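Next up, coords34.cif (mmCIF, C-alpha atoms):
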data_final
#
loop_
_atom_site.label_atom_id
_atom_site.label_comp_id
_atom_site.auth_asym_id
_atom_site.auth_seq_id
_atom_site.Cartn_x
_atom_site.Cartn_y
_atom_site.Cartn_z
CA MET L 1 18.43 2.80 20.78
CA SER L 2 18.39 2.95 17.00
CA LYS L 3 22.11 3.71 17.04
CA ARG L 4 22.71 0.72 19.30
CA GLU L 5 20.76 -1.54 16.95
CA ALA L 6 22.56 -0.29 13.85
CA ILE L 7 26.02 -0.65 15.38
CA GLY L 8 25.17 -3.86 17.28
CA ARG L 9 24.60 -5.69 14.03
CA TYR L 10 28.34 -5.55 13.35
CA LYS L 11 29.52 -5.99 16.94
CA GLY L 12 32.48 -8.34 17.16
CA SER L 13 33.25 -8.28 13.43
CA VAL L 14 36.74 -7.29 12.32
CA MET L 15 35.61 -4.66 9.81
CA GLY L 16 32.76 -3.31 11.93
CA LEU L 17 30.66 -0.57 10.33
CA ALA L 18 32.67 -0.87 7.12
CA TRP L 19 30.37 -3.80 6.26
CA SER L 20 27.41 -1.40 6.06
CA PHE L 21 29.21 0.28 3.14
CA LEU L 22 30.68 -2.83 1.53
CA ASN L 23 27.42 -4.81 1.47
CA PRO L 24 25.46 -2.43 -0.80
CA LEU L 25 28.57 -1.84 -2.93
CA LEU L 26 28.94 -5.59 -3.44
CA MET L 27 25.24 -5.94 -4.27
CA LEU L 28 25.51 -3.15 -6.85
CA VAL L 29 28.42 -4.96 -8.55
CA ILE L 30 26.60 -8.32 -8.49
CA TYR L 31 23.35 -6.93 -9.91
CA THR L 32 25.29 -5.10 -12.61
CA PHE L 33 26.95 -8.35 -13.67
CA VAL L 34 23.91 -10.63 -13.42
CA PHE L 35 21.35 -8.45 -15.14
CA SER L 36 23.55 -6.56 -17.61
CA VAL L 37 26.08 -9.24 -18.56
CA VAL L 38 24.33 -12.57 -17.97
CA PHE L 39 20.71 -11.63 -18.79
CA LYS L 40 21.64 -8.68 -21.02
CA ALA L 41 18.66 -6.79 -19.62
CA ARG L 42 17.89 -3.23 -20.69
CA TRP L 43 15.65 -0.60 -19.16
CA GLY L 44 14.74 0.99 -22.48
CA ILE L 45 15.79 4.57 -21.66
CA GLY L 46 17.60 5.08 -24.95
CA ALA L 47 20.00 3.69 -27.50
CA ASP L 48 22.99 4.83 -25.46
CA GLU L 49 21.90 2.94 -22.33
CA SER L 50 24.90 1.30 -20.69
CA LYS L 51 25.12 -1.77 -18.49
CA THR L 52 25.72 0.37 -15.43
CA ASP L 53 22.61 2.48 -16.18
CA PHE L 54 20.44 -0.58 -15.70
CA ALA L 55 22.19 -1.48 -12.45
CA ILE L 56 21.77 2.02 -11.01
CA ILE L 57 18.07 2.15 -11.90
CA LEU L 58 17.56 -1.31 -10.42
CA PHE L 59 19.48 -0.38 -7.28
CA VAL L 60 17.08 2.50 -6.56
CA GLY L 61 14.19 0.03 -6.44
CA LEU L 62 16.12 -2.30 -4.18
CA ILE L 63 16.94 0.54 -1.76
CA VAL L 64 13.30 1.61 -1.42
CA HIS L 65 12.01 -1.95 -1.15
CA GLY L 66 14.76 -2.82 1.34
CA LEU L 67 13.68 -0.04 3.70
CA PHE L 68 10.06 -1.15 3.49
CA ALA L 69 10.87 -4.85 3.86
CA GLU L 70 13.12 -4.44 6.91
CA CYS L 71 10.49 -2.41 8.77
CA ILE L 72 7.70 -4.86 7.96
CA ASN L 73 9.68 -8.06 8.57
CA ARG L 74 10.91 -6.92 11.98
CA ALA L 75 7.57 -5.57 13.18
CA PRO L 76 5.89 -8.82 14.37
CA SER L 77 8.72 -9.62 16.81
CA LEU L 78 9.24 -6.13 18.26
CA ILE L 79 7.05 -6.63 21.33
CA ILE L 80 7.84 -10.34 21.78
CA SER L 81 11.58 -9.69 21.84
CA ASN L 82 11.23 -6.88 24.39
CA VAL L 83 9.13 -8.54 27.08
CA ASN L 84 10.94 -6.65 29.85
CA TYR L 85 9.63 -3.37 28.47
CA VAL L 86 6.09 -4.75 28.71
CA LYS L 87 6.18 -6.29 32.19
CA LYS L 88 8.96 -4.76 34.30
CA VAL L 89 9.37 -1.11 33.34
CA VAL L 90 7.22 1.79 32.25
CA PHE L 91 8.19 2.20 28.62
CA PRO L 92 6.49 3.85 25.62
CA LEU L 93 6.07 0.68 23.56
CA GLU L 94 4.80 2.66 20.58
CA ILE L 95 8.34 3.91 19.84
CA LEU L 96 9.71 0.39 19.20
CA PRO L 97 8.76 0.50 15.49
CA TRP L 98 10.50 3.89 15.22
CA ILE L 99 13.64 2.39 16.75
CA ALA L 100 13.63 -0.41 14.19
CA PHE L 101 12.96 2.13 11.45
CA GLY L 102 15.91 4.24 12.59
CA SER L 103 18.21 1.25 12.23
CA ALA L 104 16.79 0.44 8.79
CA LEU L 105 17.11 4.08 7.73
CA PHE L 106 20.80 4.08 8.64
CA HIS L 107 21.46 1.26 6.17
CA THR L 108 19.26 2.93 3.58
CA ILE L 109 21.34 6.10 3.83
CA ILE L 110 24.55 4.10 3.37
CA SER L 111 23.09 2.43 0.27
CA LEU L 112 22.00 5.82 -1.03
CA VAL L 113 25.54 7.17 -0.61
CA VAL L 114 26.84 4.18 -2.61
CA LEU L 115 24.27 4.88 -5.32
CA LEU L 116 25.15 8.58 -5.60
CA LEU L 117 28.89 7.84 -5.64
CA ALA L 118 28.33 5.28 -8.40
CA GLN L 119 26.42 7.88 -10.43
CA LEU L 120 29.21 10.42 -9.96
CA VAL L 121 31.93 7.95 -10.94
CA LEU L 122 30.11 6.27 -13.83
CA ASN L 123 27.90 9.05 -15.20
CA GLN L 124 29.64 12.16 -13.79
CA HIS L 125 26.23 13.50 -12.89
CA VAL L 126 23.68 13.49 -10.06
CA PRO L 127 20.41 15.33 -10.82
CA MET L 128 19.45 18.28 -8.62
CA THR L 129 16.11 16.60 -7.98
CA ALA L 130 17.91 13.98 -5.85
CA GLY L 131 17.37 16.34 -2.92
CA LEU L 132 13.63 15.59 -3.17
CA PHE L 133 14.15 11.90 -2.38
CA PRO L 134 13.26 12.27 1.35
CA LEU L 135 10.01 13.97 0.32
CA VAL L 136 9.20 11.09 -2.04
CA LEU L 137 9.92 8.62 0.76
CA LEU L 138 7.71 10.37 3.33
CA PRO L 139 4.44 8.59 2.36
CA LEU L 140 6.28 5.25 2.45
CA ILE L 141 7.66 6.01 5.91
CA LEU L 142 4.22 6.86 7.28
CA GLY L 143 2.57 3.85 5.65
CA SER L 144 5.34 1.51 6.84
CA MET L 145 5.01 2.79 10.39
CA GLY L 146 1.27 2.21 10.30
CA LEU L 147 1.81 -1.37 9.15
CA ALA L 148 4.58 -1.82 11.71
CA TRP L 149 2.32 -0.74 14.60
CA PHE L 150 -0.43 -3.05 13.36
CA LEU L 151 1.89 -6.04 12.89
CA ALA L 152 3.77 -5.46 16.15
CA ALA L 153 0.50 -5.70 18.09
CA LEU L 154 -0.88 -8.57 16.01
CA GLY L 155 2.37 -10.51 16.40
CA VAL L 156 1.81 -10.71 20.16
CA TYR L 157 -1.45 -12.61 19.70
CA LEU L 158 -0.67 -14.48 16.47
CA ARG L 159 2.90 -15.74 16.21
CA ASP L 160 2.49 -16.87 12.60
CA VAL L 161 2.47 -13.27 11.44
CA SER L 162 6.25 -13.18 11.08
CA GLN L 163 6.07 -16.01 8.52
CA ILE L 164 3.40 -14.19 6.55
CA THR L 165 5.29 -10.90 6.45
CA GLY L 166 8.36 -12.62 5.01
CA MET L 167 6.29 -13.99 2.13
CA PHE L 168 4.49 -10.67 1.72
CA THR L 169 7.67 -8.61 1.32
CA THR L 170 9.08 -11.17 -1.14
CA VAL L 171 5.94 -10.94 -3.26
CA MET L 172 6.13 -7.14 -3.10
CA LEU L 173 9.69 -7.34 -4.45
CA PHE L 174 8.41 -8.87 -7.68
CA ILE L 175 5.17 -6.92 -8.14
CA SER L 176 6.49 -3.44 -7.32
CA ALA L 177 8.42 -2.71 -10.52
CA VAL L 178 11.80 -3.25 -8.86
CA PHE L 179 13.21 -5.33 -11.72
CA PHE L 180 11.32 -3.68 -14.57
CA PRO L 181 9.75 -0.33 -15.50
CA MET L 182 5.97 0.03 -15.32
CA SER L 183 5.98 0.83 -19.04
CA ALA L 184 7.26 -2.69 -19.79
CA LEU L 185 3.91 -4.18 -18.80
CA PRO L 186 0.85 -4.34 -21.07
CA GLU L 187 -1.49 -1.42 -20.46
CA ARG L 188 -4.12 -3.53 -18.72
CA TYR L 189 -1.55 -4.55 -16.11
CA GLN L 190 -0.05 -1.07 -15.78
CA PHE L 191 -3.44 0.17 -14.58
CA TRP L 192 -3.48 -2.30 -11.69
CA LEU L 193 0.16 -1.69 -10.79
CA HIS L 194 -0.67 1.94 -10.09
CA PHE L 195 -2.75 0.70 -7.15
CA ASN L 196 0.47 -0.60 -5.57
CA PRO L 197 1.80 2.37 -3.52
CA LEU L 198 5.28 0.84 -3.25
CA ALA L 199 5.57 0.55 -7.05
CA VAL L 200 4.54 4.19 -7.51
CA ILE L 201 7.03 5.38 -4.88
CA ILE L 202 9.81 3.36 -6.49
CA GLU L 203 9.01 4.92 -9.87
CA GLN L 204 9.01 8.41 -8.36
CA SER L 205 12.29 7.65 -6.56
CA ARG L 206 13.92 6.72 -9.85
CA GLY L 207 12.55 9.90 -11.34
CA VAL L 208 14.21 12.18 -8.78
CA LEU L 209 17.42 10.17 -8.25
CA VAL L 210 18.23 9.10 -11.80
CA PHE L 211 16.16 10.87 -14.44
CA GLY L 212 15.96 14.36 -12.93
CA GLN L 213 12.15 14.36 -12.92
CA LEU L 214 9.97 16.14 -10.38
CA PRO L 215 7.46 13.95 -8.53
CA ASN L 216 3.84 14.17 -9.63
CA PRO L 217 2.18 16.52 -7.07
CA LEU L 218 -1.25 14.89 -7.38
CA MET L 219 0.11 11.37 -7.04
CA TRP L 220 2.31 12.41 -4.11
CA SER L 221 -0.67 14.01 -2.37
CA VAL L 222 -2.73 10.84 -2.79
CA LEU L 223 0.12 8.71 -1.44
CA MET L 224 0.61 11.12 1.46
CA GLY L 225 -3.06 10.87 2.37
CA LEU L 226 -2.87 7.08 2.20
CA GLY L 227 0.29 7.03 4.32
CA LEU L 228 -1.25 9.27 6.98
CA SER L 229 -4.40 7.13 7.07
CA MET L 230 -2.38 3.93 7.47
CA ALA L 231 -0.24 5.51 10.22
CA TRP L 232 -3.33 6.68 12.11
CA ALA L 233 -5.12 3.32 11.76
CA GLY L 234 -2.05 1.30 12.75
CA PHE L 235 -1.35 3.47 15.79
CA ALA L 236 -5.00 3.31 16.88
CA TRP L 237 -4.93 -0.50 16.63
CA PHE L 238 -1.70 -0.65 18.62
CA GLN L 239 -3.06 1.54 21.41
CA LYS L 240 -6.30 -0.42 21.56
CA THR L 241 -4.63 -3.84 21.83
CA ARG L 242 -1.60 -3.00 24.01
CA LYS L 243 -3.54 -3.49 27.24
CA GLY L 244 -3.51 -7.24 26.68
CA PHE L 245 0.21 -7.59 25.90
CA ALA L 246 1.23 -8.39 29.49
CA ASP L 247 -1.42 -11.08 29.85
CA VAL L 248 -0.36 -12.88 26.66
CA LEU L 249 3.39 -12.57 27.22
#

As structure tokens, the full file:
Amino acid sequence: MSKREAIGRYKGSVMGLAWSFLNPLLMLVIYTFVFSVVFKARWGIGADESKTDFAIILFVGLIVHGLFAECINRAPSLIISNVNYVKKVVFPLEILPWIAFGSALFHTIISLVVLLLAQLVLNQHVPMTAGLFPLVLLPLILGSMGLAWFLAALGVYLRDVSQITGMFTTVMLFISAVFFPMSALPERYQFWLHFNPLAVIIEQSRGVLVFGQLPNPLMWSVLMGLGLSMAWAGFAWFQKTRKGFADVL
């Protein structure tokens, strides 16, 4: 079902799945031009920092946030858009968020391939620590699934949730250190930003994908515990409220 969703997005288009590769490539080029040429932004990693360095570092944040945002934004409509699964057939409704996640993960992997190819072409180097990226993402995956279960169930009873999630993911884009490093903020703000799990995961993702840094074991363990707790709580809420789905729909 995830495969059908991923491929169905491009059904009927002339270029088909090629768009899944061209879209992130185009975004990488646009962000490189806008931030490095127009705004002349720098990440502050050294005197020899190039324009493409900034774009690559920025792109990592966009990839991680994009995975999170797609899962959260789609969650409130998962049950509503699959009424037949609720009323007419016996179906494990709890897998619907996983199906949406599978589709989002497909596009994340394509964007990651574009990122790694750009590093190879522009910097002739991809750090060995890049293989730890799935491990860094694991807490985000668990936390996102917990939120997805919660929002999928809540969206059945409160249709305004989909509007709220759109605003929420947009706000998270700007307060999760996607466009700037945590070190760019005054110390009093850096302290609070560390309470944003998405910002911490984005920083750790840049560490393993770009800078060749190992993730902080203590921080990863804390995030993992938080992700597991959110997954458990979201799933428990979904199972508790699913009995009323048929009556509302």

Note to self: Please expand the PyMOL selection byres ((chain L and resi 61) around 8) into the concrete residues it hits in this file, giving the result as a list in words.
What the structure shows: Ile57, Leu58, Phe59, Val60, Leu62, Ile63, Val64, His65, Ala177, Val178, Phe179, Ile202, Glu203, Ser205 and Arg206 of chain L

Notebook entry, point to check: Between L:Ser81, L:Ser229, L:Thr52, L:Thr241, which has the minimum distance to Arg159 in chain L (counting only C-alpha atoms)?
Noted result: L:Ser81

Next item on the list: Carefully work through the PyMOL selection byres ((chain L and resi 154) around 12) for this structure and note down the residues it includes, as a VMD selection string.
Entry: chain L and resid 75 to 80 147 to 153 155 to 162 164 to 165 234 237 to 242 244 to 245 248

Note to self: Using all atoms listed in the file, which protein or nucleic acid residues come within 8 Å of range 110-116 of chain L? Drop anything in the same chain fewer than 2 positions from it, and give the result as a list in words.
What the structure shows: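 Within the cut-off, the hits are Ser20, Phe21, Pro24, Leu25, Ile56, Phe59, Val60, Ile63, Phe106, His107, Thr108, Ala118, Gln119, Leu120 and Val126 of chain L.
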
Could you write out that same residue set with C-alpha atoms as a PDB file, in the coordinates of the input?
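This is the output file selection_39.pdb:
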ATOM      1  CA  SER L  20      27.410  -1.400   6.060  1.00  0.00           C
ATOM      2  CA  PHE L  21      29.210   0.280   3.140  1.00  0.00           C
ATOM      3  CA  PRO L  24      25.460  -2.430  -0.800  1.00  0.00           C
ATOM      4  CA  LEU L  25      28.570  -1.840  -2.930  1.00  0.00           C
ATOM      5  CA  ILE L  56      21.770   2.020 -11.010  1.00  0.00           C
ATOM      6  CA  PHE L  59      19.480  -0.380  -7.280  1.00  0.00           C
ATOM      7  CA  VAL L  60      17.080   2.500  -6.560  1.00  0.00           C
ATOM      8  CA  ILE L  63      16.940   0.540  -1.760  1.00  0.00           C
ATOM      9  CA  PHE L 106      20.800   4.080   8.640  1.00  0.00           C
ATOM     10  CA  HIS L 107      21.460   1.260   6.170  1.00  0.00           C
ATOM     11  CA  THR L 108      19.260   2.930   3.580  1.00  0.00           C
ATOM     12  CA  ALA L 118      28.330   5.280  -8.400  1.00  0.00           C
ATOM     13  CA  GLN L 119      26.420   7.880 -10.430  1.00  0.00           C
ATOM     14  CA  LEU L 120      29.210  10.420  -9.960  1.00  0.00           C
ATOM     15  CA  VAL L 126      23.680  13.490 -10.060  1.00  0.00           C
TER      16      VAL L 126
END

Margin query: Every residue with an atom at most 7 Å from (16.9, 9.9, -8.4) (file coordinates; only C-alpha atoms) is what I'm after, so could you write them as a ChimeraX atom specification?
Written below: /L:127,129-130,133,205-212
